[in-house]
Structures are given as C-alpha cells and as structure tokens.
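Data file: model15.cif. Format and content: mmCIF, C-alpha atoms.
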```
data_protein
loop_
_atom_site.group_PDB
_atom_site.id
_atom_site.type_symbol
_atom_site.label_atom_id
_atom_site.label_comp_id
_atom_site.auth_asym_id
_atom_site.auth_seq_id
_atom_site.Cartn_x
_atom_site.Cartn_y
_atom_site.Cartn_z
ATOM 1 C CA CYS A 6 76.393 -27.108 44.073
ATOM 2 C CA TRP A 7 76.682 -26.714 47.889
ATOM 3 C CA ARG A 8 73.112 -25.420 48.137
ATOM 4 C CA ILE A 9 71.490 -28.184 46.093
ATOM 5 C CA PRO A 10 71.653 -30.961 48.762
ATOM 6 C CA SER A 11 70.211 -28.604 51.389
ATOM 7 C CA LEU A 12 67.340 -27.640 49.074
ATOM 8 C CA LEU A 13 66.625 -31.315 48.410
ATOM 9 C CA LEU A 14 66.546 -31.943 52.154
ATOM 10 C CA LEU A 15 64.058 -29.117 52.566
ATOM 11 C CA ALA A 16 61.936 -30.564 49.764
ATOM 12 C CA TYR A 17 61.752 -34.143 51.007
ATOM 13 C CA THR A 18 61.577 -33.918 54.777
ATOM 14 C CA ALA A 19 59.342 -32.299 57.375
ATOM 15 C CA ASN A 20 61.566 -33.003 60.367
ATOM 16 C CA ILE A 21 62.248 -29.710 62.161
ATOM 17 C CA TYR A 22 65.799 -30.693 63.143
ATOM 18 C CA ILE A 23 66.722 -31.680 59.594
ATOM 19 C CA TRP A 24 65.125 -28.477 58.359
ATOM 20 C CA THR A 25 67.216 -26.437 60.793
ATOM 21 C CA PHE A 26 70.386 -28.160 59.608
ATOM 22 C CA ALA A 27 69.399 -27.750 55.946
ATOM 23 C CA VAL A 28 68.659 -24.030 56.373
ATOM 24 C CA PHE A 29 72.013 -23.558 58.118
ATOM 25 C CA LEU A 30 73.793 -25.472 55.347
ATOM 26 C CA ASN A 31 72.012 -23.422 52.698
ATOM 27 C CA SER A 32 72.958 -20.175 54.452
ATOM 28 C CA VAL A 33 76.620 -21.209 54.588
ATOM 29 C CA GLY A 34 76.509 -22.013 50.891
ATOM 30 C CA CYS A 35 74.941 -18.647 50.067
ATOM 31 C CA PHE A 36 77.533 -16.791 52.165
ATOM 32 C CA ILE A 37 80.487 -18.579 50.544
ATOM 33 C CA PHE A 38 78.985 -18.100 47.083
ATOM 34 C CA MET A 39 78.535 -14.351 47.689
ATOM 35 C CA ILE A 40 82.097 -13.935 48.943
ATOM 36 C CA LEU A 41 83.538 -15.783 45.941
ATOM 37 C CA LEU A 42 81.416 -13.791 43.491
ATOM 38 C CA GLN A 43 82.392 -10.496 45.132
ATOM 39 C CA THR A 44 86.049 -11.499 45.068
ATOM 40 C CA TRP A 45 85.754 -12.470 41.416
ATOM 41 C CA ILE A 46 84.144 -9.209 40.307
ATOM 42 C CA ALA A 47 86.316 -6.996 42.532
ATOM 43 C CA GLY A 48 89.502 -8.777 41.431
ATOM 44 C CA MET A 49 88.886 -8.347 37.704
ATOM 45 C CA LYS A 50 91.100 -5.748 36.030
ATOM 46 C CA PHE A 51 88.619 -3.625 34.115
ATOM 47 C CA LYS A 52 90.205 -1.150 31.728
ATOM 48 C CA ARG A 53 87.642 1.467 32.702
ATOM 49 C CA ASN A 54 84.288 1.956 34.463
ATOM 50 C CA LYS A 55 85.022 -0.528 37.238
ATOM 51 C CA GLY A 56 82.395 1.091 39.448
ATOM 52 C CA LEU A 57 79.757 0.587 36.769
ATOM 53 C CA MET A 58 80.714 -3.072 36.300
ATOM 54 C CA VAL A 59 80.496 -3.730 40.052
ATOM 55 C CA ALA A 60 77.156 -1.901 40.171
ATOM 56 C CA LEU A 61 75.781 -4.095 37.400
ATOM 57 C CA TYR A 62 76.811 -7.135 39.459
ATOM 58 C CA SER A 63 74.895 -5.756 42.460
ATOM 59 C CA THR A 64 71.935 -4.871 40.252
ATOM 60 C CA SER A 65 71.761 -8.466 39.023
ATOM 61 C CA ILE A 66 71.508 -9.581 42.666
ATOM 62 C CA SER A 67 68.643 -7.127 43.197
ATOM 63 C CA LEU A 68 66.957 -8.541 40.090
ATOM 64 C CA GLY A 69 67.204 -11.982 41.641
ATOM 65 C CA PHE A 70 65.596 -10.729 44.855
ATOM 66 C CA ALA A 71 62.825 -9.099 42.828
ATOM 67 C CA PHE A 72 62.301 -12.180 40.668
ATOM 68 C CA GLY A 73 62.151 -14.606 43.608
ATOM 69 C CA PRO A 74 58.755 -13.530 45.024
ATOM 70 C CA LEU A 75 57.295 -13.485 41.509
ATOM 71 C CA LEU A 76 58.577 -17.013 40.963
ATOM 72 C CA ILE A 77 56.862 -18.170 44.143
ATOM 73 C CA ASP A 78 53.658 -16.362 43.180
ATOM 74 C CA TYR A 79 53.506 -17.961 39.734
ATOM 75 C CA SER A 80 54.977 -21.338 40.627
ATOM 76 C CA GLY A 81 51.490 -22.837 40.963
ATOM 77 C CA ARG A 82 50.852 -22.064 37.306
ATOM 78 C CA ILE A 83 54.294 -23.417 36.391
ATOM 79 C CA LEU A 84 53.460 -26.584 38.317
ATOM 80 C CA VAL A 85 50.308 -27.124 36.285
ATOM 81 C CA LEU A 86 52.162 -26.572 33.001
ATOM 82 C CA LEU A 87 54.894 -29.035 33.954
ATOM 83 C CA MET A 88 52.540 -31.537 35.578
ATOM 84 C CA PRO A 89 52.679 -34.129 32.749
ATOM 85 C CA TRP A 90 56.452 -34.385 33.152
ATOM 86 C CA LEU A 91 56.607 -34.021 36.927
ATOM 87 C CA GLN A 92 53.820 -36.431 37.814
ATOM 88 C CA GLY A 93 55.368 -39.721 38.836
ATOM 89 C CA VAL A 94 58.929 -38.527 38.099
ATOM 90 C CA VAL A 95 59.997 -35.827 40.544
ATOM 91 C CA LEU A 96 56.873 -35.474 42.649
ATOM 92 C CA SER A 97 56.000 -39.157 42.780
ATOM 93 C CA GLY A 98 53.095 -39.869 45.040
ATOM 94 C CA SER A 99 51.803 -36.289 44.861
ATOM 95 C CA HIS A 100 48.402 -35.697 43.283
ATOM 96 C CA ILE A 101 48.309 -32.346 41.522
ATOM 97 C CA THR A 102 45.332 -30.858 39.751
ATOM 98 C CA ALA A 103 44.649 -27.534 38.095
ATOM 99 C CA ALA A 104 42.012 -26.810 40.727
ATOM 100 C CA GLY A 105 44.636 -27.118 43.424
ATOM 101 C CA SER A 106 47.245 -25.028 41.714
ATOM 102 C CA GLY A 107 46.443 -22.002 43.887
ATOM 103 C CA SER A 108 48.019 -23.718 46.891
ATOM 104 C CA PHE A 109 51.072 -25.002 45.029
ATOM 105 C CA ASN A 110 53.214 -27.827 46.264
ATOM 106 C CA VAL A 111 55.950 -26.554 48.569
ATOM 107 C CA ARG A 112 58.184 -29.388 47.488
ATOM 108 C CA PHE A 113 58.074 -28.070 43.931
ATOM 109 C CA ILE A 114 59.339 -24.663 45.121
ATOM 110 C CA PHE A 115 62.464 -26.175 46.655
ATOM 111 C CA LEU A 116 63.064 -28.415 43.642
ATOM 112 C CA LEU A 117 62.706 -25.397 41.364
ATOM 113 C CA SER A 118 65.180 -23.493 43.542
ATOM 114 C CA ALA A 119 67.618 -26.394 43.315
ATOM 115 C CA LEU A 120 67.233 -26.403 39.526
ATOM 116 C CA LEU A 121 67.947 -22.664 39.375
ATOM 117 C CA SER A 122 70.999 -23.108 41.589
ATOM 118 C CA PHE A 123 72.272 -25.843 39.299
ATOM 119 C CA SER A 124 71.632 -23.718 36.198
ATOM 120 C CA ALA A 125 73.856 -21.010 37.707
ATOM 121 C CA LEU A 126 76.779 -23.349 37.011
ATOM 122 C CA LEU A 127 76.485 -22.739 33.269
ATOM 123 C CA PRO A 128 77.489 -19.046 33.182
ATOM 124 C CA ILE A 129 80.099 -19.674 35.891
ATOM 125 C CA LEU A 130 81.723 -22.459 33.893
ATOM 126 C CA ALA A 131 81.572 -20.313 30.751
ATOM 127 C CA GLY A 132 83.500 -17.541 32.489
ATOM 128 C CA LEU A 133 85.823 -19.771 34.484
ATOM 129 C CA TYR A 134 88.844 -18.643 32.510
ATOM 130 C CA MET A 135 88.307 -15.116 33.873
ATOM 131 C CA VAL A 136 88.472 -16.137 37.541
ATOM 132 C CA PRO A 137 91.571 -14.654 39.226
ATOM 133 C CA SER A 138 93.856 -17.082 41.028
ATOM 134 C CA PHE A 139 93.829 -16.713 44.832
ATOM 135 C CA ARG A 140 95.594 -18.475 47.653
ATOM 136 C CA ILE A 141 94.773 -17.699 51.289
ATOM 137 C CA LYS A 142 97.806 -17.035 53.475
ATOM 138 C CA GLY A 143 97.726 -17.597 57.205
ATOM 139 C CA GLY A 144 98.829 -14.082 58.039
ATOM 140 C CA VAL A 145 95.825 -12.382 56.443
ATOM 141 C CA GLY A 146 93.070 -11.518 58.944
ATOM 142 C CA ILE A 147 89.494 -10.377 58.421
ATOM 143 C CA TRP A 148 89.636 -7.956 61.349
ATOM 144 C CA LYS A 149 92.829 -6.459 59.981
ATOM 145 C CA SER A 150 91.243 -5.859 56.582
ATOM 146 C CA ILE A 151 88.249 -4.184 58.237
ATOM 147 C CA MET A 152 90.474 -1.862 60.255
ATOM 148 C CA GLN A 153 92.594 -0.997 57.209
ATOM 149 C CA THR A 154 89.526 0.048 55.202
ATOM 150 C CA LYS A 155 87.252 1.532 57.848
ATOM 151 C CA GLY A 156 85.593 3.919 55.401
ATOM 152 C CA PRO A 157 83.951 1.411 53.038
ATOM 153 C CA MET A 158 83.566 -1.247 55.756
ATOM 154 C CA PHE A 159 81.644 1.056 58.103
ATOM 155 C CA ALA A 160 79.701 2.390 55.126
ATOM 156 C CA ILE A 161 78.478 -1.084 54.210
ATOM 157 C CA ALA A 162 77.424 -1.678 57.826
ATOM 158 C CA MET A 163 75.416 1.554 57.729
ATOM 159 C CA ALA A 164 73.937 0.562 54.359
ATOM 160 C CA GLY A 165 72.983 -2.807 55.869
ATOM 161 C CA VAL A 166 70.993 -1.019 58.594
ATOM 162 C CA SER A 167 69.200 1.029 55.938
ATOM 163 C CA TYR A 168 68.629 -1.719 53.367
ATOM 164 C CA PHE A 169 67.552 -4.549 55.643
ATOM 165 C CA GLY A 170 65.653 -2.205 57.953
ATOM 166 C CA VAL A 171 63.605 -0.674 55.153
ATOM 167 C CA CYS A 172 62.956 -4.034 53.492
ATOM 168 C CA ALA A 173 61.802 -5.581 56.765
ATOM 169 C CA PHE A 174 59.655 -2.765 58.158
ATOM 170 C CA ILE A 175 58.608 -0.221 55.512
ATOM 171 C CA THR A 176 55.329 -2.010 54.708
ATOM 172 C CA LEU A 177 54.449 -2.123 58.409
ATOM 173 C CA TYR A 178 55.489 1.527 58.699
ATOM 174 C CA GLY A 179 53.078 2.500 55.923
ATOM 175 C CA MET A 180 50.196 0.571 57.501
ATOM 176 C CA ARG A 181 50.835 2.170 60.887
ATOM 177 C CA ASN A 182 50.588 5.552 59.175
ATOM 178 C CA ALA A 183 47.116 4.771 57.791
ATOM 179 C CA LEU A 184 48.171 3.721 54.297
ATOM 180 C CA PRO A 185 46.155 0.840 52.836
ATOM 181 C CA LEU A 186 47.941 -2.462 52.398
ATOM 182 C CA HIS A 187 48.508 -2.150 48.643
ATOM 183 C CA GLU A 188 50.057 1.324 49.002
ATOM 184 C CA SER A 189 52.194 0.156 51.924
ATOM 185 C CA ALA A 190 53.496 -2.704 49.778
ATOM 186 C CA LEU A 191 54.248 -0.208 46.994
ATOM 187 C CA LEU A 192 56.647 1.583 49.360
ATOM 188 C CA LEU A 193 58.871 -1.502 49.355
ATOM 189 C CA SER A 194 58.467 -1.881 45.590
ATOM 190 C CA CYS A 195 59.617 1.712 45.058
ATOM 191 C CA PHE A 196 62.634 1.157 47.310
ATOM 192 C CA MET A 197 63.637 -1.961 45.368
ATOM 193 C CA MET A 198 63.032 -0.264 42.005
ATOM 194 C CA GLY A 199 65.313 2.574 43.092
ATOM 195 C CA ALA A 200 68.050 0.068 43.906
ATOM 196 C CA LEU A 201 67.558 -1.585 40.520
ATOM 197 C CA LEU A 202 67.472 1.532 38.353
ATOM 198 C CA LEU A 203 69.648 4.074 40.185
ATOM 199 C CA GLU A 204 72.429 1.940 41.663
ATOM 200 C CA ALA A 205 74.368 1.559 38.411
ATOM 201 C CA PRO A 206 74.308 5.222 37.248
ATOM 202 C CA LEU A 207 75.079 6.553 40.735
ATOM 203 C CA THR A 208 78.007 4.155 41.173
ATOM 204 C CA TRP A 209 79.218 4.967 37.672
ATOM 205 C CA VAL A 210 79.862 8.501 38.917
ATOM 206 C CA SER A 211 82.539 7.039 41.220
ATOM 207 C CA ASP A 212 84.576 6.121 38.118
ATOM 208 C CA PHE A 213 85.166 9.821 37.509
ATOM 209 C CA ILE A 214 85.586 11.235 41.058
ATOM 210 C CA ASP A 215 86.934 9.945 44.354
ATOM 211 C CA ARG A 216 84.837 6.935 45.392
ATOM 212 C CA ARG A 217 85.085 7.958 49.048
ATOM 213 C CA TYR A 218 83.187 11.167 48.370
ATOM 214 C CA VAL A 219 80.476 9.272 46.492
ATOM 215 C CA ILE A 220 80.000 7.052 49.547
ATOM 216 C CA VAL A 221 79.841 10.052 51.887
ATOM 217 C CA ILE A 222 77.322 11.865 49.672
ATOM 218 C CA ALA A 223 75.189 8.722 49.406
ATOM 219 C CA ALA A 224 75.308 8.304 53.203
ATOM 220 C CA PHE A 225 74.213 11.909 53.626
ATOM 221 C CA MET A 226 71.341 11.389 51.163
ATOM 222 C CA SER A 227 70.283 8.272 53.078
ATOM 223 C CA MET A 228 70.148 10.376 56.230
ATOM 224 C CA ILE A 229 68.054 13.038 54.458
ATOM 225 C CA CYS A 230 65.623 10.370 53.208
ATOM 226 C CA ALA A 231 65.214 9.028 56.739
ATOM 227 C CA VAL A 232 64.622 12.569 58.065
ATOM 228 C CA TYR A 233 61.886 13.322 55.533
ATOM 229 C CA LEU A 234 60.128 9.951 55.644
ATOM 230 C CA PRO A 235 57.784 10.901 58.571
ATOM 231 C CA ILE A 236 56.774 14.015 56.590
ATOM 232 C CA ALA A 237 56.460 12.449 53.136
ATOM 233 C CA ILE A 238 54.493 9.409 54.295
ATOM 234 C CA TYR A 239 51.246 11.403 54.442
ATOM 235 C CA VAL A 240 51.350 12.151 50.689
ATOM 236 C CA ASN A 241 51.719 8.827 48.935
ATOM 237 C CA TYR A 242 53.385 10.010 45.714
ATOM 238 C CA GLN A 243 55.995 11.930 47.748
ATOM 239 C CA ALA A 244 56.651 8.802 49.808
ATOM 240 C CA PHE A 245 57.028 6.721 46.628
ATOM 241 C CA ILE A 246 59.569 9.157 45.161
ATOM 242 C CA LEU A 247 61.451 9.325 48.464
ATOM 243 C CA LEU A 248 61.692 5.527 48.749
ATOM 244 C CA PHE A 249 62.792 5.294 45.115
ATOM 245 C CA LEU A 250 65.682 7.709 45.732
ATOM 246 C CA TRP A 251 66.483 6.016 49.043
ATOM 247 C CA GLY A 252 66.848 2.632 47.387
ATOM 248 C CA GLY A 253 69.176 4.130 44.781
ATOM 249 C CA VAL A 254 71.571 5.797 47.228
ATOM 250 C CA THR A 255 71.629 2.719 49.469
ATOM 251 C CA GLY A 256 72.499 0.518 46.493
ATOM 252 C CA ALA A 257 75.199 3.001 45.446
ATOM 253 C CA ILE A 258 76.849 2.631 48.870
ATOM 254 C CA TYR A 259 76.986 -1.154 48.416
ATOM 255 C CA SER A 260 78.545 -1.065 44.953
ATOM 256 C CA THR A 261 80.909 1.859 45.509
ATOM 257 C CA SER A 262 82.225 0.317 48.738
ATOM 258 C CA LEU A 263 82.900 -2.973 46.939
ATOM 259 C CA ALA A 264 84.657 -1.148 44.095
ATOM 260 C CA LEU A 265 86.781 0.782 46.593
ATOM 261 C CA ILE A 266 87.820 -2.439 48.317
ATOM 262 C CA GLY A 267 88.700 -3.905 44.918
ATOM 263 C CA ASP A 268 90.882 -0.856 44.208
ATOM 264 C CA LYS A 269 92.825 -1.315 47.447
ATOM 265 C CA TYR A 270 93.343 -5.088 47.626
ATOM 266 C CA GLU A 271 94.348 -7.835 45.266
ATOM 267 C CA GLY A 272 95.183 -11.517 45.476
ATOM 268 C CA ASP A 273 94.594 -13.383 48.724
ATOM 269 C CA GLU A 274 94.046 -10.126 50.632
ATOM 270 C CA LEU A 275 91.036 -9.397 48.432
ATOM 271 C CA VAL A 276 89.391 -12.665 49.499
ATOM 272 C CA THR A 277 89.754 -11.740 53.164
ATOM 273 C CA ALA A 278 88.581 -8.171 52.551
ATOM 274 C CA ASN A 279 85.462 -9.466 50.813
ATOM 275 C CA ALA A 280 84.765 -11.737 53.770
ATOM 276 C CA GLY A 281 85.024 -8.664 56.001
ATOM 277 C CA TYR A 282 82.697 -6.777 53.638
ATOM 278 C CA SER A 283 80.054 -9.509 53.926
ATOM 279 C CA ILE A 284 80.430 -9.731 57.696
ATOM 280 C CA MET A 285 79.976 -5.969 58.092
ATOM 281 C CA GLU A 286 76.907 -6.042 55.844
ATOM 282 C CA ALA A 287 75.351 -8.903 57.823
ATOM 283 C CA SER A 288 76.255 -7.275 61.158
ATOM 284 C CA GLY A 289 74.721 -3.969 60.141
ATOM 285 C CA GLY A 290 71.600 -5.629 58.772
ATOM 286 C CA THR A 291 71.089 -7.821 61.856
ATOM 287 C CA ALA A 292 71.679 -4.953 64.284
ATOM 288 C CA GLY A 293 69.422 -2.679 62.231
ATOM 289 C CA ILE A 294 66.504 -5.102 62.219
ATOM 290 C CA LEU A 295 66.762 -5.718 65.972
ATOM 291 C CA LEU A 296 67.111 -2.020 66.819
ATOM 292 C CA ILE A 297 64.325 -0.914 64.483
ATOM 293 C CA GLY A 298 61.953 -3.553 65.830
ATOM 294 C CA SER A 299 62.678 -2.495 69.408
ATOM 295 C CA ALA A 300 62.443 1.220 68.538
ATOM 296 C CA MET A 301 59.075 0.761 66.812
ATOM 297 C CA ASP A 302 57.763 -0.974 69.935
ATOM 298 C CA LEU A 303 59.050 1.771 72.240
ATOM 299 C CA LEU A 304 58.668 4.924 70.129
ATOM 300 C CA GLY A 305 55.991 4.003 67.613
ATOM 301 C CA SER A 306 56.292 3.708 63.850
ATOM 302 C CA ASP A 307 58.891 6.503 63.620
ATOM 303 C CA GLY A 308 61.374 4.193 65.309
ATOM 304 C CA LEU A 309 62.239 3.051 61.759
ATOM 305 C CA PRO A 310 63.593 6.396 60.464
ATOM 306 C CA TYR A 311 65.096 7.252 63.867
ATOM 307 C CA VAL A 312 67.390 4.212 63.880
ATOM 308 C CA ILE A 313 68.440 4.726 60.261
ATOM 309 C CA MET A 314 69.042 8.427 60.944
ATOM 310 C CA LEU A 315 71.266 7.480 63.869
ATOM 311 C CA ALA A 316 73.278 4.993 61.767
ATOM 312 C CA SER A 317 73.698 7.552 58.965
ATOM 313 C CA ILE A 318 74.715 10.322 61.370
ATOM 314 C CA LEU A 319 77.289 8.069 63.035
ATOM 315 C CA TYR A 320 78.868 7.179 59.707
ATOM 316 C CA PHE A 321 78.663 10.711 58.356
ATOM 317 C CA SER A 322 80.351 12.022 61.519
ATOM 318 C CA PHE A 323 83.070 9.385 61.199
ATOM 319 C CA ALA A 324 83.647 10.277 57.542
ATOM 320 C CA LEU A 325 84.027 13.982 58.332
ATOM 321 C CA THR A 326 86.895 13.162 60.701
ATOM 322 C CA ARG A 327 88.750 11.157 58.003
ATOM 323 C CA TYR A 328 88.152 12.808 54.646
ATOM 324 C CA ARG A 329 89.425 16.275 53.911
ATOM 325 C CA VAL A 330 86.694 18.738 52.976
ATOM 326 C CA VAL A 331 87.785 20.929 50.050
#
```
Once more with this new file: its structure as structure tokens, please.
Amino acid sequence: CWRIPSLLLLAYTANIYIWTFAVFLNSVGCFIFMILLQTWIAGMKFKRNKGLMVALYSTSISLGFAFGPLLIDYSGRILVLLMPWLQGVVLSGSHITAAGSGSFNVRFIFLLSALLSFSALLPILAGLYMVPSFRIKGGVGIWKSIMQTKGPMFAIAMAGVSYFGVCAFITLYGMRNALPLHESALLLSCFMMGALLLEAPLTWVSDFIDRRYVIVIAAFMSMICAVYLPIAIYVNYQAFILLFLWGGVTGAIYSTSLALIGDKYEGDELVTANAGYSIMEASGGTAGILLIGSAMDLLGSDGLPYVIMLASILYFSFALTRYRVV
C-alpha cells in the first residue's frame, strides 16, 4: 500500500519537486517490500529443496521485470479497451480516442501500476498465516551481519555489478560492435531469458551440495562469460547463447546467496541480514553502472566486460582464500 500514494502523485501532478518526492517515496516502498519478501521466503522452514523455492521467488521477480515493458508497450491498446469505463471516471477531463492510442496516456500507466500494486495484497493476505514472526532488537546491526556472512554478501555485490551492468549497457555494447539495433536488443532478451529459465535449476543444485561451492562456480562462470563476450559478439548466435548462460549463472548467485543467508540466520537477525543483502546488491549495481559507463568512455565498448571481469576476479580470489579446495 505504501507505493500506491506515490504512484497517484506521479499520475496527477507534473510538478518536478513533487515528482522527485514521489519517486523517492516509491523507491523506499519498493526497498522495504523487497526486504520483507526476502525475509519471508528465507525464513520459511521448507522440508526440502529450499534453494529451489528461493529461486522460484527470484524467478517471479524476473517475470515481473519482463512483463513490465510489455505492459507499457500494450497499455495503449488496454486503454482503448477500457475507455468506456475510464472516460469520465478515472481519467476525467482526458479525451482518448482509438487514433491516439499509440501515444497512450501516461497517467493511465501510473494508475495501472497502482492497481497492480494493490492487487498484490490479495496473495499476501492469503498467505499471511505463513509469515514468520519477527521483532527487531537494538543490538542487531546490518554491518555486523554483512561481516559475518562475507561470502554470500560479497557474492551478491559482484552479481549486482554483472546484472545491472549487463542490463544497462549490453544493447549499447552490441550497437558499438556493429550489431543492428534489433540484434543488440536481443542480447538483453537472451540475458533475461537465461535468468528466467536457468536460475531455478542451477540453484536447485545447491540443495544437494554445499551452497558456497555453487556460488563460487557461478562466479567463475560469470567471469568466463565476461572474458568471451568480446570474442563471441562477432557471431550473433554465439553471443545469444553466451548471454543466455550468463543470465542463468548471475541469477543463480542471487538465489543461492539468499538461500545461504536463510540457512544461517533466523528471527530478527534474518531481517537485518536481508537488509544487508539488499544494500550489497544495490551497492554493487550502482558501482557497476558507474564504473562500466566510465570504462566504456575511456576504453571503448570493451569497458563493459573488463569491469565485470574485475568484479568476478576479485570475488573469486576472495573465495579461494576462504573455502577449502578438495
């Protein structure tokens, strides 16, 4: 419900200061919602296949990301279909015609987003009896939880560099390497499809072996994908396969790290650990985007794989100093 007022503000005002406040409020709501959902799923006592259950949670988030752009693309058609009900009720004073449906009303997008946010209450209320009981104690610190679980926390930061960096720059990377726009856009689609289809089975493996080793192997595979990207980009089908695998191993790092944190913590400590998880993800993603953008300006298009290679090597080197190699 926190996000609904901010979305309504975005729908009904054009004031830049109110927009800034509304976007900030919406971001806070999203962050809190993500932490609570992660705490919920990580705190549930699954009898078996916990890694798979957590991966399915992450996959549903990826589905939402994939569905969002499609919703925006087709919202003009939805607007025309709902026009008899909307005209004079929600969008009072707005004149909407089928001819103008190509440039759909921005207000409708925010109202539709608010409706979707409200509809999310239904499954949450239905499963409310499954929510673990948590109480935050003053002695629990986010920094302490990060330092106590450096392995998965640093892994999620590295995954944030890879995930956000690829999502932000892979289309530009393809265009700078002479790929046409539609093939460059397909690079991102392949990456997202890999996260959707491979994340769950790869994380499921962590239910049968040590989750730490799954994270390390996935980090190593992410490094290999970054190394081979400048080579594979010149043959489009090789680049598509590479991005598909890359999305899968990056998604596996996310889910396996969350499952590992859920194995270690419970109760109020799990809430704090999940806050640390989200902070490390956001920190890695923000740093990755800034570094990749700067590297692509200084070194050319290959600044993208260079930065991700560096992040993967740093984590992989850290992991080798902590985990015993058999």
Notebook entry, point to check: Can you list, as a PyMOL selection string, the residues that the PyMOL selection byres ((chain A and resi 173-190) around 8) selects here?
Noted result: chain A and resi 169-172+191-194+238-239+241+294+306-307+309
Note to self: Assuming the chain letters and numbering stay as they are in my file, what does the PyMOL selection byres ((chain A and resi 257-262) around 7) actually select? List them as a PyMOL selection string.
What the structure shows: chain A and resi 56+59-60+63+157+160-161+164+204+207-208+211+216+220+223+253-256+263-266
Check: When distances are computed from all atoms listed in the file, which of A:Leu121, A:Asp268, A:Phe36, A:Ser317 shows the smallest separation from Asp212 in chain A?
Finding: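 Using all atoms listed in the file, Asp212 in chain A sits closest to A:Asp268.
The interatomic distance for the pair CA of Ser11 in chain A and CA of Thr44 in chain A works out to 24.2 Å.
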Check: So what do you get for CA of Val232 in chain A versus CA of Ser322 in chain A, distance-wise?
Finding: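 According to the coordinates, CA of Val232 in chain A and CA of Ser322 in chain A are separated by 16.1 Å.
Interatomic distance, CA of Gly34 in chain A to CA of Ala119 in chain A: 12.5 Å.
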Margin query: Here is a test: counting all atoms listed in the file, which residue of A:Met285, A:Leu12, A:Val240, A:Leu303 is nearest to Thr25 in chain A?
Written below: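 Using all atoms listed in the file, the shortest distance to Thr25 in chain A belongs to A:Leu12.
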Checklist line | Residues matched by the PyMOL selection byres ((chain A and resi 293) around 12) as an MDAnalysis selection string | finding: chainID A and resid 162:174 285:292 294:301 308:317
Go ahead and save the residues from that selection, with C-alpha atoms, as a compact mmCIF listing (two decimals), keeping the file's coordinate frame.
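In the end it all went to selection_34.txt:
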```txt
# COMPACT_ATOMS: atom_id res chain seq x y z
CA ALA A 162 77.42 -1.68 57.83
CA MET A 163 75.42 1.55 57.73
CA ALA A 164 73.94 0.56 54.36
CA GLY A 165 72.98 -2.81 55.87
CA VAL A 166 70.99 -1.02 58.59
CA SER A 167 69.20 1.03 55.94
CA TYR A 168 68.63 -1.72 53.37
CA PHE A 169 67.55 -4.55 55.64
CA GLY A 170 65.65 -2.20 57.95
CA VAL A 171 63.60 -0.67 55.15
CA CYS A 172 62.96 -4.03 53.49
CA ALA A 173 61.80 -5.58 56.76
CA PHE A 174 59.66 -2.76 58.16
CA MET A 285 79.98 -5.97 58.09
CA GLU A 286 76.91 -6.04 55.84
CA ALA A 287 75.35 -8.90 57.82
CA SER A 288 76.26 -7.28 61.16
CA GLY A 289 74.72 -3.97 60.14
CA GLY A 290 71.60 -5.63 58.77
CA THR A 291 71.09 -7.82 61.86
CA ALA A 292 71.68 -4.95 64.28
CA ILE A 294 66.50 -5.10 62.22
CA LEU A 295 66.76 -5.72 65.97
CA LEU A 296 67.11 -2.02 66.82
CA ILE A 297 64.32 -0.91 64.48
CA GLY A 298 61.95 -3.55 65.83
CA SER A 299 62.68 -2.50 69.41
CA ALA A 300 62.44 1.22 68.54
CA MET A 301 59.08 0.76 66.81
CA GLY A 308 61.37 4.19 65.31
CA LEU A 309 62.24 3.05 61.76
CA PRO A 310 63.59 6.40 60.46
CA TYR A 311 65.10 7.25 63.87
CA VAL A 312 67.39 4.21 63.88
CA ILE A 313 68.44 4.73 60.26
CA MET A 314 69.04 8.43 60.94
CA LEU A 315 71.27 7.48 63.87
CA ALA A 316 73.28 4.99 61.77
CA SER A 317 73.70 7.55 58.96
```
Item checked: Selected residue of minimal separation from Ile246 in chain A among A:Ile40, A:Leu234, A:Leu30, A:Leu130, counting all atoms listed in the file ->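 For Ile246 in chain A, the nearest of the given residues is A:Leu234.
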To box range 162-180 of chain A, take all atoms listed in the file, fit an axis-aligned box, add 3 Å on each side, and give centre and edge lengths in Å to one decimal, as JSON.
```
{"center_x": 63.8, "center_y": -1.5, "center_z": 56.0, "size_x": 33.2, "size_y": 14.1, "size_z": 11.3}
```
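Take the candidates A:Ile9, A:Ile236, A:Leu57, A:Met228 and check each one against Leu319 in chain A using all atoms listed in the file; the shortest distance goes to A:Met228.
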Next item on the list: Rank nothing, just name the residue among A:Lys50, A:Arg217, A:Lys149, A:Arg112 nearest to Tyr282 in chain A, using only C-alpha atoms.
Entry: A:Lys149
Item checked: Which of A:Ser118, A:Asn54, A:Gln43, A:Gln243 sits closest to Ile214 in chain A [using all atoms listed in the file] ->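 Nearest to Ile214 in chain A: A:Asn54.
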